[in-house]
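Student: Got a file for you: final_32.txt, compact mmCIF, C-alpha atoms and all ligand atoms.
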```txt
# COMPACT_ATOMS: atom_id res chain seq x y z
CA MET I 1 98.57 111.99 116.96
CA PHE I 2 97.01 113.47 113.80
CA GLY I 3 95.16 116.52 115.10
CA ILE I 4 91.85 115.25 113.72
CA GLN I 5 88.44 115.68 115.31
CA HIS I 6 87.13 112.10 115.07
CA PRO I 7 88.96 108.74 115.27
CA ILE I 8 87.87 107.74 111.76
CA VAL I 9 90.28 107.10 108.91
CA ALA I 10 89.51 106.41 105.25
CA ALA I 11 91.00 103.08 104.19
CA PRO I 12 93.15 103.24 101.05
CA MET I 13 91.44 101.79 97.97
CA GLY I 14 93.89 101.48 95.13
CA PRO I 15 94.12 101.14 92.25
CA PHE I 16 91.03 103.37 92.33
CA TYR I 17 91.14 107.12 92.93
CA THR I 18 90.19 108.45 96.36
CA THR I 19 91.27 112.06 95.90
CA LYS I 20 87.92 113.82 96.28
CA LEU I 21 87.06 111.30 98.98
CA THR I 22 90.24 112.25 100.85
CA VAL I 23 89.21 115.92 100.82
CA ALA I 24 85.66 115.07 101.97
CA VAL I 25 86.73 112.76 104.81
CA SER I 26 89.37 115.19 106.10
CA GLU I 27 86.96 118.14 105.84
CA ALA I 28 84.41 116.11 107.85
CA GLY I 29 86.87 115.71 110.72
CA GLY I 30 88.32 112.28 109.85
CA LEU I 31 91.59 111.44 108.14
CA GLY I 32 91.35 111.11 104.35
CA VAL I 33 93.83 108.80 102.62
CA LEU I 34 95.03 108.84 99.01
CA SER I 35 95.28 105.46 97.34
CA HIS I 36 98.11 103.88 95.40
CA THR I 37 96.61 104.49 91.95
CA ASN I 38 98.02 102.95 88.79
CA LEU I 39 95.13 102.54 86.36
CA PHE I 40 95.44 102.64 82.55
CA GLY I 41 99.25 102.38 82.58
CA LYS I 42 99.65 105.84 84.14
CA SER I 43 102.69 106.60 86.32
CA SER I 44 101.66 106.09 89.93
CA LEU I 45 104.29 108.63 91.01
CA GLN I 46 102.89 111.38 88.76
CA GLU I 47 99.33 110.48 89.77
CA MET I 48 100.18 110.52 93.49
CA LYS I 49 101.90 113.91 93.18
CA ALA I 50 98.92 115.38 91.28
CA ASN I 51 96.49 113.91 93.83
CA MET I 52 98.45 115.43 96.71
CA GLU I 53 98.44 118.82 95.02
CA TYR I 54 94.68 118.54 94.48
CA VAL I 55 94.11 117.75 98.15
CA ILE I 56 96.08 120.71 99.51
CA GLU I 57 94.32 123.02 97.07
CA HIS I 58 90.93 121.89 98.40
CA THR I 59 91.46 121.50 102.14
CA ASP I 60 93.75 122.73 104.91
CA LYS I 61 93.13 119.59 106.97
CA PRO I 62 95.54 116.68 107.61
CA PHE I 63 95.53 113.64 105.31
CA GLY I 64 97.58 110.58 104.37
CA PHE I 65 98.50 108.22 101.54
CA ASN I 66 99.11 104.53 100.87
CA ILE I 67 101.93 102.66 99.16
CA ARG I 68 101.56 98.92 98.54
CA THR I 69 105.02 97.55 99.20
CA SER I 70 104.45 94.08 97.76
CA ARG I 71 107.44 92.50 96.03
CA LEU I 72 105.23 92.31 92.91
CA GLN I 73 104.48 96.05 93.01
CA ILE I 74 107.27 97.27 90.73
CA ASP I 75 106.78 100.99 91.47
CA ALA I 76 106.80 100.60 95.29
CA ALA I 77 110.49 101.27 96.02
CA THR I 78 110.46 104.39 93.80
CA LEU I 79 107.34 105.73 95.53
CA CYS I 80 108.84 105.09 98.98
CA ARG I 81 111.87 107.22 98.08
CA ALA I 82 110.29 109.86 95.86
CA ILE I 83 107.10 110.71 97.75
CA PRO I 84 108.79 111.84 101.01
CA LYS I 85 111.17 113.96 98.90
CA PHE I 86 108.24 115.51 97.03
CA ILE I 87 106.45 116.28 100.31
CA SER I 88 109.51 117.87 101.88
CA LYS I 89 109.76 120.45 99.07
CA ASN I 90 106.28 121.89 99.64
CA PRO I 91 105.67 123.48 103.09
CA LYS I 92 101.85 123.18 102.89
CA LEU I 93 102.10 119.54 101.90
CA ARG I 94 104.68 118.95 104.63
CA ASP I 95 102.26 120.35 107.22
CA GLN I 96 99.17 118.49 106.05
CA CYS I 97 100.39 115.13 104.78
CA ILE I 98 101.13 113.38 108.06
CA TYR I 99 100.07 109.75 107.62
CA ALA I 100 101.80 107.15 105.46
CA VAL I 101 100.23 103.70 105.46
CA THR I 102 102.11 100.90 103.75
CA SER I 103 100.56 97.51 103.03
CA ALA I 104 100.73 94.17 101.20
CA GLY I 105 104.50 93.89 101.67
CA THR I 106 107.26 94.95 104.03
CA PRO I 107 107.01 98.05 106.25
CA LYS I 108 110.81 98.42 106.03
CA MET I 109 110.72 99.69 102.45
CA PHE I 110 109.31 103.03 103.63
CA GLN I 111 111.81 103.48 106.48
CA SER I 112 114.25 105.17 104.10
CA ASN I 113 116.64 108.10 104.22
CA SER I 114 114.04 110.27 102.51
CA LEU I 115 111.59 109.66 105.38
CA ARG I 116 114.33 110.52 107.90
CA ARG I 117 115.16 113.72 106.02
CA LEU I 118 111.46 114.62 105.76
CA ARG I 119 111.14 114.31 109.53
CA GLU I 120 114.31 116.33 110.05
CA ALA I 121 112.71 119.05 107.93
CA GLY I 122 109.94 119.30 110.56
CA SER I 123 107.32 116.89 109.20
CA GLN I 124 105.06 115.13 111.74
CA MET I 125 104.70 112.17 109.35
CA LYS I 126 103.61 108.96 111.08
CA HIS I 127 104.16 105.61 109.43
CA PHE I 128 101.59 102.83 109.93
CA HIS I 129 101.59 99.41 108.29
CA VAL I 130 98.66 97.08 107.64
CA ALA I 131 98.83 93.82 109.63
CA PRO I 132 96.22 91.21 108.68
CA ALA I 133 97.90 88.62 110.96
CA LEU I 134 99.58 88.52 114.38
CA TRP I 135 103.04 87.57 113.03
CA LEU I 136 102.94 90.63 110.77
CA SER I 137 102.27 92.91 113.74
CA ASP I 138 105.57 91.68 115.24
CA LYS I 139 107.35 92.58 112.00
CA CYS I 140 105.73 96.04 112.06
CA VAL I 141 106.94 96.69 115.59
CA SER I 142 110.48 95.52 114.91
CA ALA I 143 110.57 97.70 111.76
CA GLY I 144 109.85 100.71 114.02
CA VAL I 145 106.43 101.76 112.71
CA ASP I 146 104.42 104.39 114.62
CA GLY I 147 101.24 102.33 114.52
CA ILE I 148 99.44 99.35 113.04
CA VAL I 149 96.29 99.03 110.95
CA VAL I 150 94.72 95.79 112.17
CA THR I 151 92.73 94.40 109.24
CA GLY I 152 90.55 91.33 109.69
CA TRP I 153 89.33 89.06 106.92
CA GLU I 154 85.78 90.45 106.76
CA GLY I 155 87.29 93.55 105.14
CA GLY I 156 87.12 94.42 101.45
CA GLY I 157 90.14 94.16 99.17
CA HIS I 158 93.52 92.90 100.35
CA GLN I 159 93.49 90.09 102.89
CA SER I 160 95.67 87.58 104.70
CA TYR I 161 95.97 83.83 104.17
CA GLU I 162 95.17 83.25 107.87
CA LYS I 163 91.55 84.42 107.60
CA ILE I 164 91.36 85.87 111.13
CA SER I 165 88.40 88.12 111.96
CA THR I 166 88.95 91.73 113.05
CA LEU I 167 87.38 90.85 116.42
CA VAL I 168 90.00 88.21 117.24
CA LEU I 169 92.98 89.87 115.56
CA LEU I 170 92.43 93.13 117.42
CA GLN I 171 92.45 91.33 120.78
CA GLN I 172 95.56 89.35 119.82
CA ILE I 173 97.53 92.38 118.66
CA LYS I 174 96.42 94.53 121.61
CA GLN I 175 97.59 91.81 124.03
CA ARG I 176 100.92 91.38 122.22
CA HIS I 177 101.65 95.09 121.65
CA PRO I 178 99.61 97.04 124.25
CA ASP I 179 101.34 100.38 123.73
CA ILE I 180 101.42 100.80 119.97
CA PRO I 181 98.61 102.88 118.39
CA LEU I 182 96.10 100.68 116.55
CA VAL I 183 93.61 101.48 113.80
CA ALA I 184 90.96 98.75 113.57
CA CYS I 185 89.93 97.98 110.01
CA GLY I 186 87.67 95.54 108.19
CA GLY I 187 83.94 95.28 108.83
CA PHE I 188 83.29 98.77 110.23
CA SER I 189 80.43 100.95 109.04
CA SER I 190 78.48 102.11 112.10
CA GLY I 191 78.52 103.65 115.56
CA GLN I 192 78.33 100.17 117.11
CA GLY I 193 81.44 99.29 115.13
CA LEU I 194 83.39 102.33 116.31
CA ALA I 195 82.29 101.76 119.92
CA SER I 196 83.37 98.12 119.78
CA ALA I 197 86.78 98.94 118.27
CA LEU I 198 87.48 101.53 120.98
CA ALA I 199 86.32 99.09 123.67
CA LEU I 200 88.70 96.47 122.28
CA GLY I 201 91.62 98.84 122.67
CA ALA I 202 91.89 100.40 119.21
CA ASP I 203 92.53 104.13 118.88
CA GLY I 204 90.28 104.52 115.88
CA ILE I 205 88.76 102.76 112.88
CA ALA I 206 89.40 102.75 109.15
CA MET I 207 86.56 102.14 106.68
CA GLY I 208 86.65 101.38 102.96
CA SER I 209 83.28 100.09 101.75
CA ARG I 210 81.35 102.62 103.90
CA PHE I 211 83.17 105.49 102.19
CA ILE I 212 82.68 104.05 98.68
CA ALA I 213 78.95 104.51 99.39
CA SER I 214 79.39 108.24 99.94
CA LYS I 215 78.23 111.12 97.75
CA GLU I 216 81.77 112.41 97.31
CA SER I 217 83.64 109.19 96.42
CA GLU I 218 84.94 108.91 92.85
CA PHE I 219 83.73 105.32 92.46
CA HIS I 220 81.37 104.68 89.53
CA GLU I 221 77.69 105.17 90.39
CA LYS I 222 77.06 101.51 89.51
CA TYR I 223 79.72 100.44 92.03
CA LYS I 224 78.22 102.66 94.75
CA ASN I 225 74.70 101.40 93.99
CA VAL I 226 75.74 97.77 94.62
CA ILE I 227 76.16 98.55 98.32
CA PRO I 228 72.82 99.62 99.89
CA PRO I 229 70.82 96.52 98.81
CA ALA I 230 73.72 94.05 99.30
CA LYS I 231 73.87 91.32 101.95
CA ALA I 232 76.95 90.50 104.05
CA SER I 233 77.09 87.15 102.24
CA ASP I 234 77.39 88.79 98.81
CA THR I 235 81.20 88.86 98.91
CA ILE I 236 83.73 86.11 98.20
CA TYR I 237 87.37 85.55 99.12
CA VAL I 238 89.62 84.88 96.09
CA THR I 239 93.29 85.21 95.16
CA GLY I 240 94.42 88.34 93.35
CA VAL I 241 97.85 89.10 91.86
CA LEU I 242 99.18 90.55 95.14
CA GLY I 243 97.50 87.95 97.37
CA PRO I 244 94.05 87.09 98.75
CA ILE I 245 91.29 89.65 98.24
CA ARG I 246 87.61 89.97 99.10
CA LEU I 247 85.35 90.83 96.15
CA TRP I 248 81.66 91.29 95.50
CA LYS I 249 80.20 88.15 93.89
CA ASN I 250 79.93 88.59 90.12
CA GLN I 251 81.01 86.90 86.87
CA TYR I 252 84.63 87.80 87.54
CA SER I 253 85.00 86.76 91.17
CA LEU I 254 82.89 83.61 90.94
CA HIS I 255 85.27 82.22 88.29
CA HIS I 256 88.48 83.56 89.73
CA GLY I 257 89.78 80.82 91.98
CA VAL I 258 91.52 80.84 95.35
CA VAL I 259 94.80 79.51 96.75
CA SER I 260 94.90 77.99 100.20
CA SER I 261 98.32 79.13 101.43
CA LYS I 262 101.16 81.54 100.88
CA GLU I 263 103.33 78.64 99.63
CA GLU I 264 100.77 77.83 96.94
CA LYS I 265 100.65 81.51 95.96
CA LEU I 266 104.45 81.72 95.70
CA GLU I 267 104.37 78.65 93.47
CA GLU I 268 101.73 80.36 91.28
CA GLU I 269 103.81 83.52 91.08
CA THR I 270 106.62 81.62 89.39
CA LYS I 271 104.18 81.12 86.51
CA LEU I 272 102.91 84.72 86.51
CA THR I 273 103.59 86.34 83.13
CA PRO I 274 103.43 90.10 82.41
CA GLU I 275 100.43 89.30 80.15
CA LYS I 276 98.58 87.60 83.04
CA ALA I 277 99.29 90.55 85.38
CA LEU I 278 98.05 92.97 82.71
CA GLU I 279 94.93 90.88 82.13
CA ASP I 280 94.17 91.03 85.88
CA GLN I 281 94.75 94.79 85.93
CA LYS I 282 92.20 95.21 83.10
CA HIS I 283 89.46 93.97 85.40
CA TYR I 284 90.09 96.93 87.71
CA GLU I 285 89.93 99.31 84.77
CA MET I 286 86.61 97.76 83.66
CA THR I 287 85.21 98.35 87.15
CA TYR I 288 86.44 101.92 87.14
CA ASP I 289 84.51 102.42 83.89
CA GLY I 290 81.35 100.92 85.39
CA ASN I 291 81.41 97.30 84.14
CA ILE I 292 80.53 95.82 87.50
CA GLU I 293 79.60 92.38 86.14
CA ASP I 294 82.97 91.53 84.58
CA GLY I 295 85.27 93.75 86.62
CA ALA I 296 86.91 93.32 90.04
CA VAL I 297 84.48 94.89 92.53
CA LEU I 298 86.31 94.99 95.86
CA LEU I 299 83.97 95.20 98.86
CA GLY I 300 83.86 93.92 102.44
CA GLN I 301 81.22 92.07 104.45
CA SER I 302 80.34 95.44 106.00
CA ILE I 303 78.14 96.09 102.93
CA GLY I 304 75.50 94.04 104.75
CA ALA I 305 75.26 96.83 107.35
CA ILE I 306 75.21 99.80 104.94
CA ASP I 307 71.86 100.85 103.47
CA SER I 308 72.39 104.34 102.10
CA ILE I 309 74.69 106.60 100.13
CA GLU I 310 75.37 109.69 102.22
CA SER I 311 77.78 112.59 102.46
CA CYS I 312 81.02 111.89 104.33
CA LYS I 313 80.00 114.47 106.91
CA ASP I 314 76.71 112.69 107.64
CA ILE I 315 78.45 109.29 107.72
CA ILE I 316 81.08 110.46 110.21
CA ASP I 317 78.73 112.58 112.38
CA ASN I 318 76.20 109.73 112.71
CA ILE I 319 78.87 107.14 113.52
CA VAL I 320 80.37 109.34 116.22
CA LYS I 321 76.96 110.20 117.72
CA ASP I 322 75.88 106.54 117.77
CA ALA I 323 79.22 105.35 119.16
CA GLU I 324 78.91 107.81 122.03
CA LYS I 325 75.46 106.47 122.86
CA HIS I 326 76.59 102.81 122.66
CA LEU I 327 79.65 103.41 124.82
CA THR I 328 77.61 105.27 127.45
CA ASP I 329 74.84 102.63 127.50
CA SER I 330 77.21 99.67 127.68
CA TYR I 331 79.28 101.22 130.46
CA SER I 332 76.26 100.92 132.77
CA TYR I 333 76.41 97.10 132.43
CA ILE I 334 79.75 96.84 134.19
CA GLN I 335 79.22 99.41 136.95
C1 LIG I 401 87.93 98.99 96.46
C2 LIG I 401 88.97 98.62 97.47
C3 LIG I 401 90.31 98.76 97.14
C4 LIG I 401 91.31 98.47 98.08
N1 LIG I 401 92.64 98.69 97.77
C5 LIG I 401 93.57 98.67 98.76
C6 LIG I 401 94.90 99.13 98.52
O1 LIG I 401 95.26 99.58 97.44
N2 LIG I 401 95.78 99.09 99.56
C7 LIG I 401 95.41 98.60 100.79
O2 LIG I 401 96.23 98.60 101.70
N3 LIG I 401 94.17 98.15 101.03
C8 LIG I 401 93.24 98.20 100.05
N4 LIG I 401 91.95 97.81 100.32
C9 LIG I 401 91.58 97.39 101.69
C10 LIG I 401 91.08 98.60 102.50
O3 LIG I 401 92.15 99.47 102.73
C11 LIG I 401 90.46 98.14 103.84
O4 LIG I 401 91.29 97.21 104.46
C12 LIG I 401 89.06 97.54 103.66
O5 LIG I 401 88.27 98.33 102.82
C13 LIG I 401 88.39 97.41 105.02
O6 LIG I 401 87.16 96.76 104.95
P1 LIG I 401 85.75 97.50 104.74
O7 LIG I 401 85.64 97.69 103.25
O8 LIG I 401 84.74 96.57 105.29
O9 LIG I 401 85.79 98.81 105.46
C14 LIG I 401 90.94 98.02 99.37
C15 LIG I 401 89.59 97.84 99.68
C16 LIG I 401 88.61 98.14 98.76
C17 LIG I 401 87.16 97.99 99.15
```
Go ahead and render the structure in this file as structure tokens.

Tutor:
Amino acid sequence: MFGIQHPIVAAPMGPFYTTKLTVAVSEAGGLGVLSHTNLFGKSSLQEMKANMEYVIEHTDKPFGFNIRTSRLQIDAATLCRAIPKFISKNPKLRDQCIYAVTSAGTPKMFQSNSLRRLREAGSQMKHFHVAPALWLSDKCVSAGVDGIVVTGWEGGGHQSYEKISTLVLLQQIKQRHPDIPLVACGGFSSGQGLASALALGADGIAMGSRFIASKESEFHEKYKNVIPPAKASDTIYVTGVLGPIRLWKNQYSLHHGVVSSKEEKLEEETKLTPEKALEDQKHYEMTYDGNIEDGAVLLGQSIGAIDSIESCKDIIDNIVKDAEKHLTDSYSYIQ
């Protein structure tokens, strides 16, 4: 579907930058993905355009991008219209940028006229949406997406209210929608993980935390250094502005609070002021600048299985080599 060497995708990690990471993952044979970045009041549209230009200057390989289509994400509708238009004007970008992953809202927002026109202009753009729950996978399919990113609650960052593990959710969605391409996401960091996802019927995996702990990622050194010594139990599930999120335990997350249902969250949103949203955003900016005690440090339970900071090439090569071994070994048990 994407013309990549290995079935490994970089998970989007907005509002942080993943531009150099995108180049490194794509160059290593995976699929790099640009994040929806809107730090320090900058225009996400201008940032996304600049990031795309950077990527095509530094690699000839395919890559993708994320737009969070939450109803609280005020720039989402503009990005959904403007980004396909921007891509269609640049032939190199049109050839290379072939994966759009939307999340945290409706997949329909991206199914616009600009996407149709981009495809008519010859783009091979595929649209996937993140489904952290079974009911959302039904919405994805009826919206006409090309594939689903199945994200379980062990993952870092954005989460569902249902709290279903990747293991169960993947089986549920595969049974319900056997023919749609699936990217398994949340909790993956190793060859065992890739082998298990493929055995469960996924077509590939996406990883966030594993790629933060890479030499090339733009995350602050202090953020990266949290990961190798961390335990799987060092993260906590709280409620962010866009919904539930998984964070590393620190001063910020331990005092953040959590809602128990979507209804409770909607009720909270009626009280959300621009000042409160801005205050929340500041915690991401602190993290970006290296204040990992007071900032929002998004990480998944997979940090318990990561013990090194490596190049993206080494990460991907080792995962693929190990997955091959695990798949071969385990096949013998059912023969
Ligand atoms: C730092 C960070 C930021 C994230 N931001 C986004 C985002 O902007 N959009 C999104 O769809 N998912 C976001 N996520 C979720 C990831 O795309 C992915 O689901 C998660 O990292 C998977 O779990 P893992 O970290 O164990 O690999 C974020 C995750 C992290 C760790």

Student: Would you compute the box with edges along x, y and z of the file around ligand LIG 401 (chain I), including every atom the file lists for it and 4 Å extra on each side, and give its centre and edge lengths in Å to one decimal, as JSON?

Tutor:
```
{"center_x": 90.5, "center_y": 98.1, "center_z": 101.0, "size_x": 19.5, "size_y": 11.0, "size_z": 17.0}
```

Student: Looking at I:Val183, I:Ala77, I:Val23, I:Ile173, which one is nearest to ligand LIG 401 (chain I), with distances taken over only C-alpha atoms and all ligand atoms?

Tutor: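 Residue with the minimum atom-to-atom distance to ligand LIG 401 (chain I): I:Val183.
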
Student: Write out as a PyMOL selection string each polymer residue (protein, DNA or RNA) that has an atom no more than 6 Å from ligand LIG 401 (chain I), with all atoms listed in the file counted.

Tutor: chain I and resi 11-15+35-36+68+103+151+155-158+185-188+207-209+298-302

Student: Give me the residues within 10 Å of Ile98 (chain I) as a PyMOL selection string, counting only C-alpha atoms and dropping any in the same chain fewer than 2 places off.

Tutor: chain I and resi 1-3+31+62-65+87+93-96+100+123-127

Student: Which is closest to Lys85 (chain I) among I:Pro107, I:Val238, I:Ala121, I:Asn66, if we use all atoms listed in the file?

Tutor: I:Ala121

Student: Taking all atoms listed in the file into account, which of I:Lys249, I:Lys215, I:Lys42, I:His326 comes nearest Leu194 (chain I)?

Tutor: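 Once distances to Leu194 (chain I) are computed over all atoms listed in the file, the minimum belongs to I:His326.
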
Student: Could you list as an NGL selection string every residue that has an atom within 9 Å of (85.3, 110.6, 107.9), using the file's coordinates and counting all atoms listed in the file?

Tutor: :I and (6-10 or 22 or 24-32 or 206-207 or 211 or 312-317)

Student: Choose the residue, out of I:Asn291, I:Gln281, I:Gln171, I:Ser233, that has the smallest atom-to-atom separation from Glu221 (chain I); count all atoms listed in the file.

Tutor: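 Ranking I:Asn291, I:Gln281, I:Gln171, I:Ser233 by distance to Glu221 (chain I), first place goes to I:Asn291.
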
Student: Given only C-alpha atoms, how would the per-residue table for region 33-151 of chain I near region 195-202 of chain I read, listing every residue at most 12 Å away with its closest atom pair and distance in Å to one decimal, sorted by chain and number, as CSV?

Tutor:
```
residue,atom,partner,partner_atom,distance
I:Gly147,CA,I:Ala202,CA,10.6
I:Ile148,CA,I:Ala202,CA,9.8
I:Val149,CA,I:Ala202,CA,9.5
I:Val150,CA,I:Ala202,CA,8.9
I:Thr151,CA,I:Ala202,CA,11.7
```

Student: Work out how far apart CA of Ser70 (chain I) and CA of Leu115 (chain I) are and give it in Å to one decimal.

Tutor: 18.8 Å

Student: Figure out the distance between CA of Ser114 (chain I) and CA of Lys89 (chain I), please, to one decimal in Å.

Tutor: 11.6 Å

Student: Report, in Å with one decimal, the straight-line distance from CA of Ser308 (chain I) to CA of Ile4 (chain I).

Tutor: 25.2 Å

Student: Give me the residues within 12 Å of Gly240 (chain I) as a ChimeraX atom specification, counting all atoms listed in the file and dropping any in the same chain fewer than 4 places off.

Tutor: /I:72,104,157-161,236,244-247,252-253,256-259,265,268-269,272,276-277,279-281,283-284,296-298

Student: Residues within 10 Å of Asn318 (chain I), please, as a list of chain:residue names. Count all atoms listed in the file; anything in the same chain fewer than 6 positions from it doesn't count.

Tutor: I:Ser190, I:Gly191, I:Cys312, I:Glu324

Student: So, with only C-alpha atoms as the atoms that count, which of I:Ile303, I:Ala143, I:Val241, I:Ile83 lies closest to Leu278 (chain I)?

Tutor: I:Val241

Student: Which residue is closest to Met109 (chain I)? Choose from I:Cys140, I:Leu266, I:Val33, I:Ile319 and count only C-alpha atoms.

Tutor: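 Of the candidates, the smallest distance to Met109 (chain I) is held by I:Cys140.
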